Structure formats: C-alpha cells, structure tokens
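What follows is the content of coords27.cif, which has mmCIF, C-alpha atoms (C1' of nucleotides):
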data_my_file
#
loop_
_atom_site.label_atom_id
_atom_site.label_comp_id
_atom_site.auth_asym_id
_atom_site.auth_seq_id
_atom_site.Cartn_x
_atom_site.Cartn_y
_atom_site.Cartn_z
CA MET H 40 -42.49 16.72 -9.70
CA ARG H 41 -42.42 16.37 -5.99
CA GLN H 42 -39.50 15.41 -3.90
CA LEU H 43 -41.04 15.49 -0.48
CA ALA H 44 -41.06 12.78 2.08
CA PHE H 45 -42.17 9.39 0.87
CA ASP H 46 -44.03 10.46 -2.19
CA THR H 47 -43.10 8.98 -5.50
CA HIS H 48 -41.55 11.29 -8.00
CA ASP H 49 -39.79 11.53 -11.32
CA HIS H 50 -36.50 10.16 -10.20
CA HIS H 51 -34.53 10.81 -13.35
CA ARG H 52 -35.34 14.47 -13.13
CA CYS H 53 -34.62 14.42 -9.41
CA ILE H 54 -31.11 13.09 -9.98
CA ALA H 55 -30.45 15.48 -12.81
CA ALA H 56 -31.70 18.43 -10.77
CA THR H 57 -29.50 17.51 -7.83
CA LEU H 58 -26.38 17.29 -9.96
CA LYS H 59 -27.20 20.36 -11.99
CA SER H 60 -27.83 22.39 -8.88
CA ALA H 61 -24.54 21.31 -7.32
CA GLU H 62 -22.74 22.11 -10.55
CA THR H 63 -24.23 25.57 -10.71
CA GLN H 64 -23.55 26.35 -7.08
CA CYS H 65 -19.97 25.17 -7.37
CA ALA H 66 -19.38 27.26 -10.45
CA LYS H 67 -20.78 30.32 -8.71
CA ALA H 68 -18.75 29.80 -5.58
CA GLY H 69 -15.53 28.78 -7.29
CA LEU H 70 -15.66 25.27 -5.85
CA HIS H 71 -14.24 22.28 -7.66
CA PHE H 72 -16.91 19.78 -8.51
CA THR H 73 -14.37 17.05 -9.25
CA PRO H 74 -15.13 13.62 -10.73
CA VAL H 75 -15.02 11.87 -7.36
CA ARG H 76 -17.27 14.43 -5.72
CA ARG H 77 -19.67 14.41 -8.62
CA ARG H 78 -19.84 10.66 -8.74
CA VAL H 79 -20.48 10.34 -5.01
CA LEU H 80 -23.33 12.80 -5.19
CA GLU H 81 -24.67 10.98 -8.21
CA LEU H 82 -24.56 7.67 -6.37
CA LEU H 83 -26.39 9.15 -3.41
CA ALA H 84 -28.97 10.81 -5.62
CA THR H 85 -29.51 7.68 -7.69
CA GLU H 86 -29.91 5.30 -4.79
CA HIS H 87 -31.93 7.88 -2.95
CA ARG H 88 -31.33 6.30 0.39
CA ALA H 89 -28.87 6.43 3.24
CA MET H 90 -25.55 4.94 2.23
CA GLY H 91 -22.52 4.23 4.36
CA ALA H 92 -19.11 5.60 3.49
CA TYR H 93 -17.69 2.19 2.80
CA GLU H 94 -20.57 1.20 0.60
CA LEU H 95 -19.96 4.30 -1.49
CA LEU H 96 -16.26 3.57 -1.50
CA ASP H 97 -16.96 0.12 -2.92
CA HIS H 98 -18.61 1.77 -5.91
CA LEU H 99 -15.72 4.14 -6.43
CA ARG H 100 -13.27 1.29 -6.20
CA ALA H 101 -15.17 -0.73 -8.79
CA GLU H 102 -15.02 2.27 -11.09
CA GLY H 103 -11.37 3.04 -10.52
CA LEU H 104 -12.14 6.37 -8.87
CA GLY H 105 -10.47 5.68 -5.56
CA SER H 106 -9.92 2.82 -3.23
CA GLN H 107 -8.92 4.09 0.19
CA PRO H 108 -11.15 5.48 2.97
CA PRO H 109 -9.80 9.03 2.86
CA VAL H 110 -11.05 9.36 -0.71
CA ILE H 111 -14.65 8.87 0.23
CA TYR H 112 -14.50 10.78 3.49
CA ARG H 113 -12.99 13.77 1.73
CA ALA H 114 -15.66 13.71 -0.91
CA LEU H 115 -18.36 13.41 1.73
CA ASP H 116 -16.84 16.22 3.77
CA PHE H 117 -17.03 18.42 0.72
CA LEU H 118 -20.60 17.48 -0.13
CA VAL H 119 -21.86 17.77 3.44
CA GLY H 120 -19.86 20.93 4.08
CA HIS H 121 -21.47 22.68 1.16
CA GLY H 122 -24.94 21.35 1.76
CA PHE H 123 -25.13 18.99 -1.22
CA ALA H 124 -25.52 16.01 1.06
CA HIS H 125 -26.34 15.37 4.70
CA LYS H 126 -25.03 12.99 7.29
CA LEU H 127 -27.55 10.98 9.25
CA GLU H 128 -25.89 10.81 12.64
CA ARG H 129 -28.16 8.10 13.83
CA LEU H 130 -27.15 5.80 10.99
CA ASN H 131 -23.60 6.94 10.31
CA ALA H 132 -24.73 7.24 6.75
CA PHE H 133 -25.24 9.86 4.08
CA VAL H 134 -27.99 11.08 1.77
CA ALA H 135 -28.16 13.55 -1.09
CA CYS H 136 -29.86 16.78 -0.15
CA CYS H 137 -33.41 16.95 -1.46
CA HIS H 138 -33.77 20.69 -1.38
CA PRO H 139 -30.73 21.85 -3.22
CA GLY H 140 -30.09 25.52 -3.01
CA ALA H 141 -32.85 26.16 -0.52
CA ASP H 142 -31.77 27.67 2.73
CA HIS H 143 -33.06 24.94 4.89
CA SER H 144 -33.24 23.40 8.30
CA PRO H 145 -33.53 19.79 7.35
CA ALA H 146 -35.04 17.09 9.50
CA PHE H 147 -35.02 13.43 8.63
CA LEU H 148 -37.60 10.73 9.01
CA ILE H 149 -35.96 7.35 9.31
CA CYS H 150 -37.97 4.16 9.14
CA ARG H 151 -36.82 1.60 11.69
CA ASN H 152 -38.26 -1.16 9.62
CA CYS H 153 -36.97 -0.59 6.10
CA ASP H 154 -34.37 2.16 6.60
CA ALA H 155 -36.14 4.46 4.17
CA VAL H 156 -35.22 8.07 4.80
CA ALA H 157 -37.12 11.22 3.94
CA GLU H 158 -35.88 14.73 4.30
CA ILE H 159 -38.43 17.30 5.36
CA ARG H 160 -38.17 20.94 6.26
CA ALA H 161 -38.30 21.68 9.92
CA GLN H 162 -38.19 25.44 10.15
CA GLY H 163 -40.77 25.50 12.90
CA ALA H 164 -39.09 22.90 15.08
CA ARG H 165 -35.73 24.46 14.42
CA ALA H 166 -37.01 27.88 15.49
CA LEU H 167 -38.48 26.56 18.73
CA LEU H 168 -35.24 24.76 19.46
CA GLY H 169 -33.34 27.98 18.83
CA ASP H 170 -35.61 29.82 21.24
CA ALA H 171 -35.23 27.24 23.97
CA ALA H 172 -31.47 27.24 23.51
CA HIS H 173 -31.38 31.01 23.54
CA ALA H 174 -33.19 31.01 26.86
CA ALA H 175 -30.31 28.93 28.20
CA GLY H 176 -27.78 31.36 26.75
CA PHE H 177 -26.76 28.98 23.99
CA ALA H 178 -26.28 30.04 20.38
CA VAL H 179 -27.21 27.32 17.90
CA ASP H 180 -25.54 27.20 14.54
CA ARG H 181 -26.73 23.86 13.33
CA ALA H 182 -29.38 21.42 14.45
CA VAL H 183 -29.45 17.68 13.97
CA ILE H 184 -33.06 16.58 13.90
CA GLU H 185 -33.76 12.94 13.16
CA ALA H 186 -37.04 11.20 13.82
CA MET H 187 -37.07 7.43 14.17
CA GLY H 188 -40.32 5.71 13.42
CA THR H 189 -42.41 3.97 10.80
CA CYS H 190 -42.83 5.05 7.20
CA PRO H 191 -46.22 4.96 5.47
CA ALA H 192 -45.46 1.76 3.55
CA CYS H 193 -44.37 -0.15 6.64
CA GLN H 194 -47.40 1.10 8.58
CA GLN H 195 -49.68 -0.31 5.90
CA ALA H 196 -47.74 -3.56 5.83
CA SER H 197 -48.18 -4.01 9.58
CA ASP H 198 -51.86 -2.99 9.51
CA ALA H 199 -52.62 -5.71 7.02
CA PRO H 200 -50.37 -8.64 7.88
CA ALA H 201 -50.33 -11.80 5.78
CA MET R 196 -31.38 23.12 43.06
CA ARG R 197 -31.48 23.59 39.36
CA GLN R 198 -30.32 21.15 36.81
CA LEU R 199 -31.13 23.03 33.67
CA ALA R 200 -28.85 23.88 30.84
CA PHE R 201 -25.59 25.50 31.78
CA ASP R 202 -26.54 26.75 35.20
CA THR R 203 -24.48 25.81 38.17
CA HIS R 204 -26.10 23.57 40.69
CA ASP R 205 -25.55 21.44 43.76
CA HIS R 206 -23.75 18.63 42.04
CA HIS R 207 -23.59 16.24 44.97
CA ARG R 208 -27.33 16.32 45.25
CA CYS R 209 -27.65 16.03 41.51
CA ILE R 210 -25.59 12.83 41.44
CA ALA R 211 -27.42 11.38 44.41
CA ALA R 212 -30.79 12.21 42.90
CA THR R 213 -29.87 10.57 39.60
CA LEU R 214 -28.76 7.35 41.27
CA LYS R 215 -31.63 7.32 43.71
CA SER R 216 -34.14 7.82 40.97
CA ALA R 217 -32.67 5.02 38.87
CA GLU R 218 -32.66 2.75 41.90
CA THR R 219 -36.29 3.48 42.64
CA GLN R 220 -37.40 3.04 39.07
CA CYS R 221 -35.53 -0.23 38.74
CA ALA R 222 -37.03 -1.55 41.94
CA LYS R 223 -40.51 -0.65 40.73
CA ALA R 224 -40.03 -2.19 37.34
CA GLY R 225 -38.20 -5.28 38.49
CA LEU R 226 -35.01 -4.29 36.69
CA HIS R 227 -31.58 -5.24 37.95
CA PHE R 228 -29.55 -2.20 38.86
CA THR R 229 -26.32 -4.17 38.96
CA PRO R 230 -22.94 -2.88 40.14
CA VAL R 231 -21.66 -2.26 36.60
CA ARG R 232 -24.81 -0.43 35.56
CA ARG R 233 -24.86 1.59 38.73
CA ARG R 234 -21.23 2.51 38.45
CA VAL R 235 -21.54 3.60 34.82
CA LEU R 236 -24.47 5.85 35.65
CA GLU R 237 -22.54 7.21 38.61
CA LEU R 238 -19.55 7.97 36.41
CA LEU R 239 -21.75 9.76 33.90
CA ALA R 240 -23.56 11.69 36.61
CA THR R 241 -20.35 12.64 38.37
CA GLU R 242 -18.50 13.83 35.30
CA HIS R 243 -21.65 15.46 34.05
CA ARG R 244 -20.43 15.57 30.49
CA ALA R 245 -20.47 13.44 27.38
CA MET R 246 -18.24 10.42 27.77
CA GLY R 247 -17.24 7.86 25.19
CA ALA R 248 -17.81 4.16 25.75
CA TYR R 249 -14.10 3.42 25.86
CA GLU R 250 -13.42 6.20 28.32
CA LEU R 251 -16.04 4.71 30.61
CA LEU R 252 -14.62 1.26 30.06
CA ASP R 253 -11.20 2.51 31.19
CA HIS R 254 -12.73 3.45 34.52
CA LEU R 255 -14.42 0.10 34.90
CA ARG R 256 -11.20 -1.68 34.05
CA ALA R 257 -9.26 0.31 36.63
CA GLU R 258 -11.83 -0.70 39.20
CA GLY R 259 -11.96 -4.36 38.24
CA LEU R 260 -15.55 -4.11 37.06
CA GLY R 261 -15.00 -5.23 33.50
CA SER R 262 -12.43 -4.93 30.82
CA GLN R 263 -13.93 -5.78 27.44
CA PRO R 264 -16.09 -3.61 25.18
CA PRO R 265 -19.25 -5.67 25.49
CA VAL R 266 -19.34 -4.92 29.21
CA ILE R 267 -19.68 -1.20 28.72
CA TYR R 268 -21.95 -1.41 25.70
CA ARG R 269 -24.33 -3.67 27.56
CA ALA R 270 -24.44 -1.35 30.52
CA LEU R 271 -25.02 1.62 28.24
CA ASP R 272 -27.74 -0.23 26.35
CA PHE R 273 -29.50 -0.83 29.62
CA LEU R 274 -29.16 2.75 30.82
CA VAL R 275 -30.16 4.30 27.52
CA GLY R 276 -32.94 1.76 26.98
CA HIS R 277 -34.54 2.66 30.27
CA GLY R 278 -34.01 6.38 29.97
CA PHE R 279 -31.36 6.74 32.66
CA ALA R 280 -28.84 7.98 30.14
CA HIS R 281 -28.86 9.29 26.60
CA LYS R 282 -26.65 8.78 23.61
CA LEU R 283 -25.45 11.85 21.78
CA GLU R 284 -25.41 10.63 18.21
CA ARG R 285 -23.39 13.53 17.03
CA LEU R 286 -20.57 12.74 19.45
CA ASN R 287 -20.89 8.98 19.76
CA ALA R 288 -20.93 9.62 23.46
CA PHE R 289 -23.22 9.29 26.44
CA VAL R 290 -24.63 11.47 29.22
CA ALA R 291 -26.67 10.82 32.33
CA CYS R 292 -30.26 11.90 32.00
CA CYS R 293 -30.94 15.18 33.78
CA HIS R 294 -34.65 14.76 34.17
CA PRO R 295 -34.95 11.35 35.70
CA GLY R 296 -38.41 10.01 35.82
CA ALA R 297 -39.89 12.85 33.81
CA ASP R 298 -41.60 11.85 30.64
CA HIS R 299 -39.48 13.88 28.34
CA SER R 300 -38.49 14.74 24.83
CA PRO R 301 -34.91 15.66 25.40
CA ALA R 302 -32.87 17.91 23.19
CA PHE R 303 -29.17 18.54 23.64
CA LEU R 304 -27.09 21.65 23.31
CA ILE R 305 -23.53 20.77 22.43
CA CYS R 306 -20.78 23.37 22.51
CA ARG R 307 -18.41 23.03 19.56
CA ASN R 308 -15.71 24.79 21.48
CA CYS R 309 -15.58 23.02 24.84
CA ASP R 310 -17.83 20.00 24.31
CA ALA R 311 -20.07 21.00 27.19
CA VAL R 312 -23.49 19.44 26.86
CA ALA R 313 -26.80 20.54 28.29
CA GLU R 314 -30.03 18.64 28.18
CA ILE R 315 -33.15 20.71 27.74
CA ARG R 316 -36.76 19.80 27.23
CA ALA R 317 -38.00 20.17 23.71
CA GLN R 318 -41.65 19.33 23.89
CA GLY R 319 -42.55 22.11 21.52
CA ALA R 320 -40.02 21.26 18.87
CA ARG R 321 -40.79 17.60 19.24
CA ALA R 322 -44.50 18.28 18.73
CA LEU R 323 -43.92 20.31 15.58
CA LEU R 324 -41.65 17.60 14.23
CA GLY R 325 -44.33 15.03 14.96
CA ASP R 326 -46.89 17.13 13.09
CA ALA R 327 -44.66 17.59 10.06
CA ALA R 328 -43.89 13.88 10.02
CA HIS R 329 -47.55 13.03 10.38
CA ALA R 330 -48.32 15.17 7.35
CA ALA R 331 -45.93 12.93 5.43
CA GLY R 332 -47.63 9.82 6.78
CA PHE R 333 -44.76 9.01 9.08
CA ALA R 334 -45.23 7.92 12.69
CA VAL R 335 -42.43 9.11 14.97
CA ASP R 336 -41.55 7.13 18.05
CA ARG R 337 -38.36 8.84 19.04
CA ALA R 338 -36.64 12.05 18.02
CA VAL R 339 -32.96 12.82 18.09
CA ILE R 340 -32.56 16.57 18.52
CA GLU R 341 -29.06 17.90 18.95
CA ALA R 342 -28.08 21.52 18.55
CA MET R 343 -24.47 22.37 17.80
CA GLY R 344 -23.31 25.82 18.78
CA THR R 345 -21.65 27.91 21.44
CA CYS R 346 -22.29 27.71 25.16
CA PRO R 347 -22.62 30.84 27.31
CA ALA R 348 -19.11 30.55 28.74
CA CYS R 349 -17.47 30.20 25.35
CA GLN R 350 -19.50 33.11 23.97
CA GLN R 351 -18.20 35.32 26.75
CA ALA R 352 -14.67 34.10 26.21
CA SER R 353 -14.79 34.99 22.53
CA ASP R 354 -16.47 38.36 23.19
CA ALA R 355 -13.63 39.39 25.43
CA PRO R 356 -10.46 37.89 24.00
CA ALA R 357 -7.12 38.21 25.76
"C1'" DT C 247 7.44 29.91 -15.14
"C1'" DG C 248 7.29 29.65 -10.51
"C1'" DA C 249 4.68 30.01 -6.36
"C1'" DT C 250 0.63 28.84 -3.95
"C1'" DA C 251 -3.41 26.58 -2.92
"C1'" DT C 252 -6.23 22.70 -3.57
"C1'" DA C 253 -7.05 17.93 -4.48
"C1'" DT C 254 -5.71 13.08 -4.67
"C1'" DG C 255 -2.89 8.82 -3.63
"C1'" DA C 256 -1.32 5.69 -0.22
"C1'" DT C 257 -0.09 3.70 4.26
"C1'" DA C 258 -1.14 3.10 8.68
"C1'" DT C 259 -3.91 3.23 12.59
"C1'" DA C 260 -7.49 5.10 15.72
"C1'" DA C 261 -12.12 4.95 17.51
"C1'" DT C 262 -16.54 2.93 17.82
"C1'" DA C 263 -19.38 -1.19 18.04
"C1'" DT C 264 -21.10 -6.04 17.66
"C1'" DA C 265 -21.26 -11.27 16.91
"C1'" DA C 266 -20.86 -15.46 19.11
"C1'" DC C 267 -20.30 -18.54 22.59
"C1'" DA C 268 -19.16 -19.83 27.46
"C1'" DT C 269 -20.10 -19.17 32.31
"C1'" DA C 270 -22.26 -17.39 36.28
"C1'" DT C 271 -26.02 -15.60 39.04
"C1'" DC C 272 -30.67 -15.09 40.44
"C1'" DA C 273 -35.52 -16.22 41.20
"C1'" DA C 274 -39.25 -19.25 40.91
"C1'" DT C 275 -41.04 -23.72 41.24
"C1'" DC C 276 -41.03 -28.66 41.91
"C1'" DG P 244 -32.57 -28.31 48.21
"C1'" DA P 245 -32.34 -29.48 43.23
"C1'" DT P 246 -34.11 -28.11 38.61
"C1'" DT P 247 -35.08 -24.96 35.46
"C1'" DG P 248 -35.38 -20.72 32.89
"C1'" DA P 249 -34.25 -16.03 32.51
"C1'" DT P 250 -30.99 -12.57 33.00
"C1'" DA P 251 -26.37 -10.89 33.37
"C1'" DT P 252 -21.39 -11.23 32.80
"C1'" DG P 253 -16.87 -12.97 30.89
"C1'" DT P 254 -14.09 -13.60 26.86
"C1'" DT P 255 -12.40 -13.89 22.20
"C1'" DA P 256 -12.60 -12.26 17.92
"C1'" DT P 257 -13.82 -9.17 14.48
"C1'" DA P 258 -16.73 -5.70 12.07
"C1'" DT P 259 -17.57 -0.94 11.14
"C1'" DT P 260 -16.61 3.86 10.98
"C1'" DA P 261 -13.19 7.47 10.71
"C1'" DT P 262 -8.73 10.08 10.80
"C1'" DA P 263 -3.63 11.30 10.90
"C1'" DT P 264 0.20 11.74 8.07
"C1'" DC P 265 3.07 12.32 4.36
"C1'" DA P 266 3.81 12.12 -0.64
"C1'" DT P 267 2.30 13.42 -5.24
"C1'" DA P 268 -0.40 15.64 -8.64
"C1'" DT P 269 -3.24 19.26 -10.56
"C1'" DA P 270 -5.08 23.80 -11.01
"C1'" DT P 271 -4.78 28.91 -10.45
"C1'" DC P 272 -2.77 32.99 -10.58
"C1'" DA P 273 0.97 36.42 -10.03
#
Please lay out the structure from this file as structure tokens.
Amino acid sequence: MRQLAFDTHDHHRCIAATLKSAETQCAKAGLHFTPVRRRVLELLATEHRAMGAYELLDHLRAEGLGSQPPVIYRALDFLVGHGFAHKLERLNAFVACCHPGADHSPAFLICRNCDAVAEIRAQGARALLGDAAHAAGFAVDRAVIEAMGTCPACQQASDAPA
Amino acid sequence: MRQLAFDTHDHHRCIAATLKSAETQCAKAGLHFTPVRRRVLELLATEHRAMGAYELLDHLRAEGLGSQPPVIYRALDFLVGHGFAHKLERLNAFVACCHPGADHSPAFLICRNCDAVAEIRAQGARALLGDAAHAAGFAVDRAVIEAMGTCPACQQASDAPA
DNA sequence: TGATATATGATATAATATAACATATCAATC
DNA sequence: GATTGATATGTTATATTATATCATATATCA
C-alpha cells in the first residue's frame, strides 16, 4: 500500500489508517478527537483532495454537525495544528496529511490543470532552505513549500491530444 | 549596496534601482508601465515590507489613482506576472522583488513576530524540490517557498528581555 | 459538587478577491 | 485623420475566505 504522490493505492485502508493514527495520537496526547474534528478529517481523507473550508462546512451542515464558519475553522485549526491535516496556502484549501505520525517536512505538488494535490517529503529542500535562512540570521520553524505544475495524468493528456 | 535578507542597505538607491529596472524591462518587452503600476511598485519598494492589496489601494485612493479593488488587483497581477513583485501566499500580501532582472527562484523568510520579510535565493532548495517532484512524475513550473520563523532582530530581542 | 478548562453554538462582520460590463487610451494601419 | 483592435481603466456588484465576540454546553479533576 503506497500513499505517495500520484500513485494509486488502497484508498479504504488509507482512510482508515489516517483516522486510526489521529485517534491514537489524540489518545496519547490527551487531545479530544471530537465528532466534528473526526468527521472533517474523514471527509478530507475520503475525498483525498484539496477542499475549501466552506465546502467542508456544507457537508457538516448537511449532516447536522455544524452550520456556521467558526465550526469548520476551529476543526481545521485543530487538525492543522496537530499535523493531521495541512493547509495549502496557494489554494486556501486543506488536505489530510498523508504521512501521519511521521516527523515530516511536507511539500505539495499542485496540478494547475486538474487541481490534484500530492504530498511528498521534502527533507532535503527543507534543510537547504534552513541553511540559507541561517546564513541570513533567520531561524525557521516551519516551511511552506508548494510546487505548481502538471501532474503525470495531465502531462499524458496534453502529450496525446484528441 | 546590499539588498539581501535582513541587512541594512541604501534604501533610496534600492527603490530607484527597482523602478529603473522595471522601466527598462517594460520598455524592452513592450509592456506598459502605467502610472498605477509604477506607483504600486514604488509603494512596495519604499515600504519594503509585505503589504495587503487593500492597504495599497488606500494609498492609491488618497492620491486619486484609483479607488476600487479591481484597480489594485490588476496592477498587482501585472507586477507579479512579470516578476516585479511577489505574492506571499502565507500572508495574502505582496512585496517588491529584490532581485530585479535576475532569473530567480525566490524564497521568503517571514518573521512571525514582526512580519518582516526577506527575499532570498533558493536555487538549491528549488532544484531538490524539482528532483523530488520529477521522481513522482510531476513537472514543476513554479515553486512557492516561504519560511516562517524569527528574524535576527526579534531573536536578539527575545534573548535579552527587558 | 464546584471549579476550571475545553469545546461548541450563534451572530455579526472583517478581509481578500473576482465577475461583468462600460469607457477610455494607445498604436497601427487604411 | 478616421478606423480598428488591443490594452488599460472605471464602476458596480458580489463571491470567497476568515475572524471577533459572547453565550452555552460538556468534560475533567480537585
């Protein structure tokens, strides 16, 4: 079961693993994995794509789990704050974390054409960035790394046009 | 005259160089460096910090150069599109480019404490990111790299509290 | 049980950004 | 110089994203 980049994978297991991991981590750390928080993570994991806050809120509303913006933003703050989800700054949207539990320096590959998003590890790039920053006297605590471009599927599609 | 990171520099020359460079590039490329566009770049260069679209628009309005949001967003689109300014996705704000004319892969260092922003070159990090993306079959055309952390001045301030 | 911290509900509004259409300006050509 | 086409600006309206604030509920623990 792989969960890297644009590869296909066993998505049922992927969703289950994401939720299970969050559950476990929350239990360990004494965090409350409440119904709203759980459901938001589940939605993100299930759709497996970048979703906007209001799109997520629409789901919650339909399910009677909350109807006002603060509900979703609080849930997202929790999930992002504890590393269960990430915010894509470029899209003002959110994705479930693909490497739950791993200490990671995530980078995102965002397809301009179809909006597919992949999370990859970027330890190397992150380290070089840290070095360059350090040389300028700056101490980095978090790096936003988002690559815009074309995913494999869209490259193929444009190579072989109708 | 240095214009790197958080170093001090001759700011008058820095502003002049930024405008001059944009002027030259526009002339070469047949682009219209109109009064609004010029003034927005000048504001960004003068303040030398991240500014929001509406903050910039307030200046334009005070000067009779435009009063509605589309005016500033169009000017910013032009400046960002041609590399004269950059958008900081993390802040939803804009800065003048510090390396005008240079073919560059900019990265930004953003101080959480005082919002100071420095633009550095990140060729190395960008290259590693490109490699990692390539391994996933993804073709990068642009990378957003923004480091959140603490600038030199704020580090000193917190080392030696009152 | 009562005190405290944490989470949710609800109202209002702030901040950021774009769609759509009208008008003006500029540059090239007839 | 008038015509045209491309580019830029003006203007109105509205969409999208996000937060402040205060009230209420729920959980935890002394």
Write out as JSON lines the residues of chain R that have any atom within 9 Å of an atom of chain P, one row each with the nearest atom pair and its distance in Å to one decimal, counting all atoms listed in the file, sorted by chain and then rising number.
{"residue": "R:His227", "atom": "CA", "partner": "P:DT250", "partner_atom": "C1'", "distance": 8.9}
{"residue": "R:Thr229", "atom": "CA", "partner": "P:DA251", "partner_atom": "C1'", "distance": 8.7}
{"residue": "R:Gly261", "atom": "CA", "partner": "P:DG253", "partner_atom": "C1'", "distance": 8.4}
{"residue": "R:Gln263", "atom": "CA", "partner": "P:DT254", "partner_atom": "C1'", "distance": 7.8}
{"residue": "R:Val266", "atom": "CA", "partner": "P:DT252", "partner_atom": "C1'", "distance": 7.5}
Residues of chain C no more than 10 Å from chain R, counting only C-alpha atoms (C1' of nucleotides): send them over as number ranges by chain. C: 261-264
With all atoms listed in the file as the counted atoms, please give the residues lying no more than 12 Å from Lys59 of chain H, apart from itself and same-chain residues fewer than 2 positions off, as a VMD selection string. chain H and resid 52 to 57 61 to 66 72 77 80 to 81 84 123 139 to 140
Please identify all residues of chain R having at least one atom at most 6 Å from any atom of chain H, considering all atoms listed in the file, and return them as a PyMOL selection string. chain R and resi 200+284-285+320+323-324+331-347
Please produce a file of the residues just selected, as a CSV table (one decimal), in the frame of the given file, where the atoms kept are C-alpha atoms.
chain,number,residue,atom,x,y,z
R,200,ALA,CA,-28.8,23.9,30.8
R,284,GLU,CA,-25.4,10.6,18.2
R,285,ARG,CA,-23.4,13.5,17.0
R,320,ALA,CA,-40.0,21.3,18.9
R,323,LEU,CA,-43.9,20.3,15.6
R,324,LEU,CA,-41.6,17.6,14.2
R,331,ALA,CA,-45.9,12.9,5.4
R,332,GLY,CA,-47.6,9.8,6.8
R,333,PHE,CA,-44.8,9.0,9.1
R,334,ALA,CA,-45.2,7.9,12.7
R,335,VAL,CA,-42.4,9.1,15.0
R,336,ASP,CA,-41.6,7.1,18.0
R,337,ARG,CA,-38.4,8.8,19.0
R,338,ALA,CA,-36.6,12.0,18.0
R,339,VAL,CA,-33.0,12.8,18.1
R,340,ILE,CA,-32.6,16.6,18.5
R,341,GLU,CA,-29.1,17.9,19.0
R,342,ALA,CA,-28.1,21.5,18.6
R,343,MET,CA,-24.5,22.4,17.8
R,344,GLY,CA,-23.3,25.8,18.8
R,345,THR,CA,-21.6,27.9,21.4
R,346,CYS,CA,-22.3,27.7,25.2
R,347,PRO,CA,-22.6,30.8,27.3
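Rounded to one decimal, atom CA of Arg256 of chain R and atom CA of His281 of chain R lie 22.1 Å from each other.
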Ref. answer, residues at most 12 Å from (-26.5, 2.3, 1.5) with all atoms listed in the file, as a tab-separated table (two decimals) with C-alpha atoms, keeping the file's coordinate frame:
chain	number	residue	atom	x	y	z
H	79	VAL	CA	-20.48	10.34	-5.01
H	82	LEU	CA	-24.56	7.67	-6.37
H	83	LEU	CA	-26.39	9.15	-3.41
H	84	ALA	CA	-28.97	10.81	-5.62
H	85	THR	CA	-29.51	7.68	-7.69
H	86	GLU	CA	-29.91	5.30	-4.79
H	87	HIS	CA	-31.93	7.88	-2.95
H	88	ARG	CA	-31.33	6.30	0.39
H	89	ALA	CA	-28.87	6.43	3.24
H	90	MET	CA	-25.55	4.94	2.23
H	91	GLY	CA	-22.52	4.23	4.36
H	92	ALA	CA	-19.11	5.60	3.49
H	93	TYR	CA	-17.69	2.19	2.80
H	94	GLU	CA	-20.57	1.20	0.60
H	95	LEU	CA	-19.96	4.30	-1.49
H	96	LEU	CA	-16.26	3.57	-1.50
H	97	ASP	CA	-16.96	0.12	-2.92
H	98	HIS	CA	-18.61	1.77	-5.91
H	127	LEU	CA	-27.55	10.98	9.25
H	130	LEU	CA	-27.15	5.80	10.99
H	131	ASN	CA	-23.60	6.94	10.31
H	132	ALA	CA	-24.73	7.24	6.75
H	133	PHE	CA	-25.24	9.86	4.08
H	134	VAL	CA	-27.99	11.08	1.77
H	135	ALA	CA	-28.16	13.55	-1.09
H	153	CYS	CA	-36.97	-0.59	6.10
H	154	ASP	CA	-34.37	2.16	6.60
H	155	ALA	CA	-36.14	4.46	4.17
H	156	VAL	CA	-35.22	8.07	4.80
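Atom CA of Glu258 of chain R sits 20.5 Å away from atom CA of Asp272 of chain R.
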Atom-to-atom span, atom C1' of DA256 of chain C and atom CA of Ser106 of chain H, Å: 9.6 Å
